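> Let me begin by handing over the structure; questions about it come next.
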Amino acid sequence: MRANDLLKHAPAYHHWVDDLLVKHELSARQVTTYEFQRLSQYFNPQTFAAAKCVEVDSLPKIPWHEFGLSVPEGMDVNFDGITFRNTYFIKRGEAFREFLHFHEMVHVVQWQTLGNDLYPLIYALEAFKGNYETNVLEVMARDVTDFFIKANEPFSTEFFVAAWIGQYLPQVFTQFIKGEL
């Protein structure tokens, strides 16, 4: 799957995300309302205050087929959480897991860092070139979540994400300019 092939589906994707977030806005909770002991210490106050969580029985799934795309390998499994912009959805029975909230908050930070166009484009490119397990945005989120689980002292999640993205983006832009994406 090439970047230009995905870009033509961007308006439909953004419309779908807009509708999803509007549909769930009344059930979205500020992440600050969860009384986790550590979570707020790992994000700047603005990021933490802007983040929302929606607890659902069944996670929303990107309707790849509606966009004329096949489902990327590994994206048809039953996840515990999924993030769109500053809002993440988690399965109702998993809401007690602080590290799951942290993982989804990493995606919120990635989305804030890359923006509403570049984040989903990179996520989709990664999904189509490999699979869920090798997706660089998922690898980053898993690795930073592992740091969180093992950490004795708070760290700046925004710094980790920015540094990782800063190392990754030049190769993506080079591949795009060369027509390899």
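Labels for the structure tokens follow display order: chains A, B, ..., residues from 1 in each chain, ligands from 1.
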Name the residues in contact with Phe84 of chain A at a cut-off of 12 Å, using only C-alpha atoms, excluding same-chain residues fewer than 2 positions from it; report them as a PDB file with N, CA and C atoms, in the first residue's frame.


ATOM      1  N   TYR A  13     -11.928   8.804   6.128  1.00  0.00           N
ATOM      2  CA  TYR A  13     -11.445   8.371   7.438  1.00  0.00           C
ATOM      3  C   TYR A  13     -11.699   9.451   8.481  1.00  0.00           C
ATOM      4  N   HIS A  14     -11.344  10.689   8.183  1.00  0.00           N
ATOM      5  CA  HIS A  14     -11.545  11.780   9.142  1.00  0.00           C
ATOM      6  C   HIS A  14     -13.025  11.973   9.458  1.00  0.00           C
ATOM      7  N   TRP A  16     -15.274   9.615   9.412  1.00  0.00           N
ATOM      8  CA  TRP A  16     -15.630   8.491  10.270  1.00  0.00           C
ATOM      9  C   TRP A  16     -15.193   8.753  11.711  1.00  0.00           C
ATOM     10  N   VAL A  17     -13.956   9.253  11.902  1.00  0.00           N
ATOM     11  CA  VAL A  17     -13.466   9.564  13.257  1.00  0.00           C
ATOM     12  C   VAL A  17     -14.314  10.668  13.884  1.00  0.00           C
ATOM     13  N   ASP A  18     -14.604  11.721  13.133  1.00  0.00           N
ATOM     14  CA  ASP A  18     -15.458  12.801  13.656  1.00  0.00           C
ATOM     15  C   ASP A  18     -16.782  12.242  14.160  1.00  0.00           C
ATOM     16  N   ASP A  19     -17.432  11.420  13.343  1.00  0.00           N
ATOM     17  CA  ASP A  19     -18.722  10.830  13.723  1.00  0.00           C
ATOM     18  C   ASP A  19     -18.588   9.953  14.966  1.00  0.00           C
ATOM     19  N   LEU A  20     -17.531   9.169  15.025  1.00  0.00           N
ATOM     20  CA  LEU A  20     -17.296   8.287  16.172  1.00  0.00           C
ATOM     21  C   LEU A  20     -17.166   9.093  17.461  1.00  0.00           C
ATOM     22  N   LEU A  21     -16.371  10.165  17.408  1.00  0.00           N
ATOM     23  CA  LEU A  21     -16.147  10.962  18.608  1.00  0.00           C
ATOM     24  C   LEU A  21     -17.409  11.709  19.040  1.00  0.00           C
ATOM     25  N   VAL A  22     -18.166  12.195  18.084  1.00  0.00           N
ATOM     26  CA  VAL A  22     -19.435  12.859  18.420  1.00  0.00           C
ATOM     27  C   VAL A  22     -20.399  11.851  19.043  1.00  0.00           C
ATOM     28  N   HIS A  24     -19.831   9.376  20.839  1.00  0.00           N
ATOM     29  CA  HIS A  24     -19.435   8.960  22.186  1.00  0.00           C
ATOM     30  C   HIS A  24     -19.081  10.126  23.115  1.00  0.00           C
ATOM     31  N   ALA A  51      -6.982  14.715  27.543  1.00  0.00           N
ATOM     32  CA  ALA A  51      -7.255  13.325  27.169  1.00  0.00           C
ATOM     33  C   ALA A  51      -8.594  12.846  27.730  1.00  0.00           C
ATOM     34  N   LYS A  52      -9.267  12.026  26.922  1.00  0.00           N
ATOM     35  CA  LYS A  52     -10.559  11.467  27.317  1.00  0.00           C
ATOM     36  C   LYS A  52     -10.535   9.966  27.097  1.00  0.00           C
ATOM     37  N   CYS A  53     -11.329   9.275  27.901  1.00  0.00           N
ATOM     38  CA  CYS A  53     -11.462   7.833  27.794  1.00  0.00           C
ATOM     39  C   CYS A  53     -12.938   7.474  27.700  1.00  0.00           C
ATOM     40  N   VAL A  54     -13.235   6.552  26.814  1.00  0.00           N
ATOM     41  CA  VAL A  54     -14.584   6.026  26.675  1.00  0.00           C
ATOM     42  C   VAL A  54     -14.517   4.531  26.967  1.00  0.00           C
ATOM     43  N   LEU A  59     -14.900  -2.518  21.257  1.00  0.00           N
ATOM     44  CA  LEU A  59     -14.119  -1.413  20.700  1.00  0.00           C
ATOM     45  C   LEU A  59     -14.562  -1.077  19.281  1.00  0.00           C
ATOM     46  N   PRO A  60     -14.545   0.217  18.945  1.00  0.00           N
ATOM     47  CA  PRO A  60     -14.790   0.576  17.542  1.00  0.00           C
ATOM     48  C   PRO A  60     -13.645   0.046  16.679  1.00  0.00           C
ATOM     49  N   LYS A  61     -13.993  -0.376  15.487  1.00  0.00           N
ATOM     50  CA  LYS A  61     -12.978  -0.873  14.552  1.00  0.00           C
ATOM     51  C   LYS A  61     -12.991  -0.007  13.308  1.00  0.00           C
ATOM     52  N   ILE A  62     -11.814   0.296  12.837  1.00  0.00           N
ATOM     53  CA  ILE A  62     -11.702   1.078  11.605  1.00  0.00           C
ATOM     54  C   ILE A  62     -12.369   0.286  10.482  1.00  0.00           C
ATOM     55  N   GLY A  81      -7.743  -1.699  23.694  1.00  0.00           N
ATOM     56  CA  GLY A  81      -7.897  -0.259  23.579  1.00  0.00           C
ATOM     57  C   GLY A  81      -7.567   0.218  22.183  1.00  0.00           C
ATOM     58  N   ILE A  82      -8.094   1.398  21.848  1.00  0.00           N
ATOM     59  CA  ILE A  82      -7.799   2.034  20.559  1.00  0.00           C
ATOM     60  C   ILE A  82      -7.958   3.539  20.739  1.00  0.00           C
ATOM     61  N   ASN A  86      -7.451  12.736  20.752  1.00  0.00           N
ATOM     62  CA  ASN A  86      -7.192  12.826  22.189  1.00  0.00           C
ATOM     63  C   ASN A  86      -8.132  11.924  22.996  1.00  0.00           C
ATOM     64  N   THR A  87      -8.820  11.027  22.309  1.00  0.00           N
ATOM     65  CA  THR A  87      -9.798  10.148  22.953  1.00  0.00           C
ATOM     66  C   THR A  87      -9.430   8.701  22.697  1.00  0.00           C
ATOM     67  N   TYR A  88      -9.418   7.933  23.774  1.00  0.00           N
ATOM     68  CA  TYR A  88      -9.185   6.508  23.580  1.00  0.00           C
ATOM     69  C   TYR A  88     -10.356   5.715  24.143  1.00  0.00           C
ATOM     70  N   PHE A  89     -10.543   4.563  23.540  1.00  0.00           N
ATOM     71  CA  PHE A  89     -11.607   3.650  23.910  1.00  0.00           C
ATOM     72  C   PHE A  89     -10.959   2.422  24.537  1.00  0.00           C
ATOM     73  N   ILE A  90     -11.497   1.985  25.668  1.00  0.00           N
ATOM     74  CA  ILE A  90     -11.017   0.756  26.281  1.00  0.00           C
ATOM     75  C   ILE A  90     -12.219  -0.099  26.644  1.00  0.00           C
ATOM     76  N   GLU A 104      -2.458   3.830  25.912  1.00  0.00           N
ATOM     77  CA  GLU A 104      -3.325   4.622  25.033  1.00  0.00           C
ATOM     78  C   GLU A 104      -2.969   6.108  25.114  1.00  0.00           C
ATOM     79  N   MET A 105      -2.533   6.563  26.280  1.00  0.00           N
ATOM     80  CA  MET A 105      -2.084   7.959  26.404  1.00  0.00           C
ATOM     81  C   MET A 105      -0.835   8.209  25.558  1.00  0.00           C
ATOM     82  N   VAL A 106       0.023   7.205  25.412  1.00  0.00           N
ATOM     83  CA  VAL A 106       1.179   7.345  24.509  1.00  0.00           C
ATOM     84  C   VAL A 106       0.667   7.623  23.099  1.00  0.00           C
ATOM     85  N   HIS A 107      -0.381   6.929  22.683  1.00  0.00           N
ATOM     86  CA  HIS A 107      -0.951   7.188  21.362  1.00  0.00           C
ATOM     87  C   HIS A 107      -1.547   8.595  21.280  1.00  0.00           C
ATOM     88  N   VAL A 108      -2.133   9.079  22.355  1.00  0.00           N
ATOM     89  CA  VAL A 108      -2.627  10.465  22.375  1.00  0.00           C
ATOM     90  C   VAL A 108      -1.458  11.420  22.120  1.00  0.00           C
ATOM     91  N   VAL A 109      -0.338  11.184  22.789  1.00  0.00           N
ATOM     92  CA  VAL A 109       0.850  12.039  22.613  1.00  0.00           C
ATOM     93  C   VAL A 109       1.391  11.910  21.188  1.00  0.00           C
ATOM     94  N   GLN A 110       1.434  10.692  20.663  1.00  0.00           N
ATOM     95  CA  GLN A 110       1.880  10.507  19.275  1.00  0.00           C
ATOM     96  C   GLN A 110       0.990  11.311  18.338  1.00  0.00           C
ATOM     97  N   TRP A 111      -0.308  11.235  18.559  1.00  0.00           N
ATOM     98  CA  TRP A 111      -1.267  11.931  17.705  1.00  0.00           C
ATOM     99  C   TRP A 111      -1.061  13.441  17.817  1.00  0.00           C
ATOM    100  N   GLN A 112      -0.853  13.944  19.034  1.00  0.00           N
ATOM    101  CA  GLN A 112      -0.603  15.379  19.214  1.00  0.00           C
ATOM    102  C   GLN A 112       0.688  15.795  18.520  1.00  0.00           C
ATOM    103  N   GLY A 115       0.048  15.022  14.501  1.00  0.00           N
ATOM    104  CA  GLY A 115      -1.103  15.721  13.931  1.00  0.00           C
ATOM    105  C   GLY A 115      -2.140  14.771  13.365  1.00  0.00           C
ATOM    106  N   ASN A 116      -3.297  15.334  13.047  1.00  0.00           N
ATOM    107  CA  ASN A 116      -4.453  14.553  12.605  1.00  0.00           C
ATOM    108  C   ASN A 116      -4.305  13.935  11.221  1.00  0.00           C
ATOM    109  N   ASP A 117      -3.356  14.386  10.440  1.00  0.00           N
ATOM    110  CA  ASP A 117      -3.148  13.794   9.110  1.00  0.00           C
ATOM    111  C   ASP A 117      -1.994  12.803   9.110  1.00  0.00           C
ATOM    112  N   TYR A 119      -0.387  11.240  11.717  1.00  0.00           N
ATOM    113  CA  TYR A 119      -0.498  10.065  12.585  1.00  0.00           C
ATOM    114  C   TYR A 119      -1.245   8.925  11.891  1.00  0.00           C
ATOM    115  N   PRO A 120      -2.492   9.134  11.437  1.00  0.00           N
ATOM    116  CA  PRO A 120      -3.176   7.993  10.816  1.00  0.00           C
ATOM    117  C   PRO A 120      -2.497   7.508   9.533  1.00  0.00           C
ATOM    118  N   TYR A 123       0.430   5.408  10.724  1.00  0.00           N
ATOM    119  CA  TYR A 123      -0.099   4.177  11.324  1.00  0.00           C
ATOM    120  C   TYR A 123      -0.542   3.201  10.224  1.00  0.00           C
TER     121      TYR A 123
END

> Enumerate the residues of segment 18-172 of chain A with a DSSP assignment of strand (DSSP E), computed from the backbone, and present them as an NGL selection string.

:A and (29-30 or 52-56 or 81-84 or 87-91)

> Could you check how far atom CA of Phe128 of chain A sits from atom CA of Pro72 of chain A, in Å to one decimal?

5.3 Å

> Quick one: everything within 7 Å of Phe48 of chain A, counting only C-alpha atoms, minus sequence neighbours fewer than 5 positions away in the same chain. Send it as a ChimeraX atom specification.

/A:31-32,40,43

> Interatomic distance between atom CA of Val172 of chain A and atom CA of His9 of chain A?

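Atom-to-atom, atom CA of Val172 of chain A to atom CA of His9 of chain A, that is 19.5 Å.
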
> Please determine, counting only C-alpha atoms, which residue among A:Arg2, A:Arg29, A:Arg38, A:Lys178 has the shortest atom-to-atom distance to Arg97 of chain A.

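Closest residue, counting only C-alpha atoms: A:Arg38.
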
> If you count only C-alpha atoms, which residues fall within 12 Å of Ala12 of chain A, apart from same-chain ones fewer than 6 positions away, as a ChimeraX atom specification?

/A:6,18-19,62-68

> In Å, how far is it from atom CA of Gln175 of chain A to atom CA of Glu73 of chain A?

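Here the two named atoms are 21.9 Å from each other.
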
> So, counting only C-alpha atoms, which residue among A:Lys23, A:Leu181, A:Asp143, A:Thr33 is closest to Ala124 of chain A?

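Of A:Lys23, A:Leu181, A:Asp143, A:Thr33, the one nearest Ala124 of chain A is A:Leu181, counting only C-alpha atoms.
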
> Pick out each residue of segment 22-142 of chain A that DSSP on the backbone tags as helix (DSSP H, G or I); I need them as JSON, numbers by chain.

{"A": [22, 23, 31, 32, 33, 39, 40, 41, 42, 45, 46, 47, 48, 49, 50, 64, 65, 66, 67, 92, 93, 94, 98, 99, 100, 101, 102, 103, 104, 105, 106, 107, 108, 109, 110, 111, 112, 113, 114, 115, 116, 117, 118, 119, 120, 121, 122, 123, 124, 125, 126, 127, 128, 129, 132, 133, 134, 136, 137, 138, 139, 140, 141, 142]}
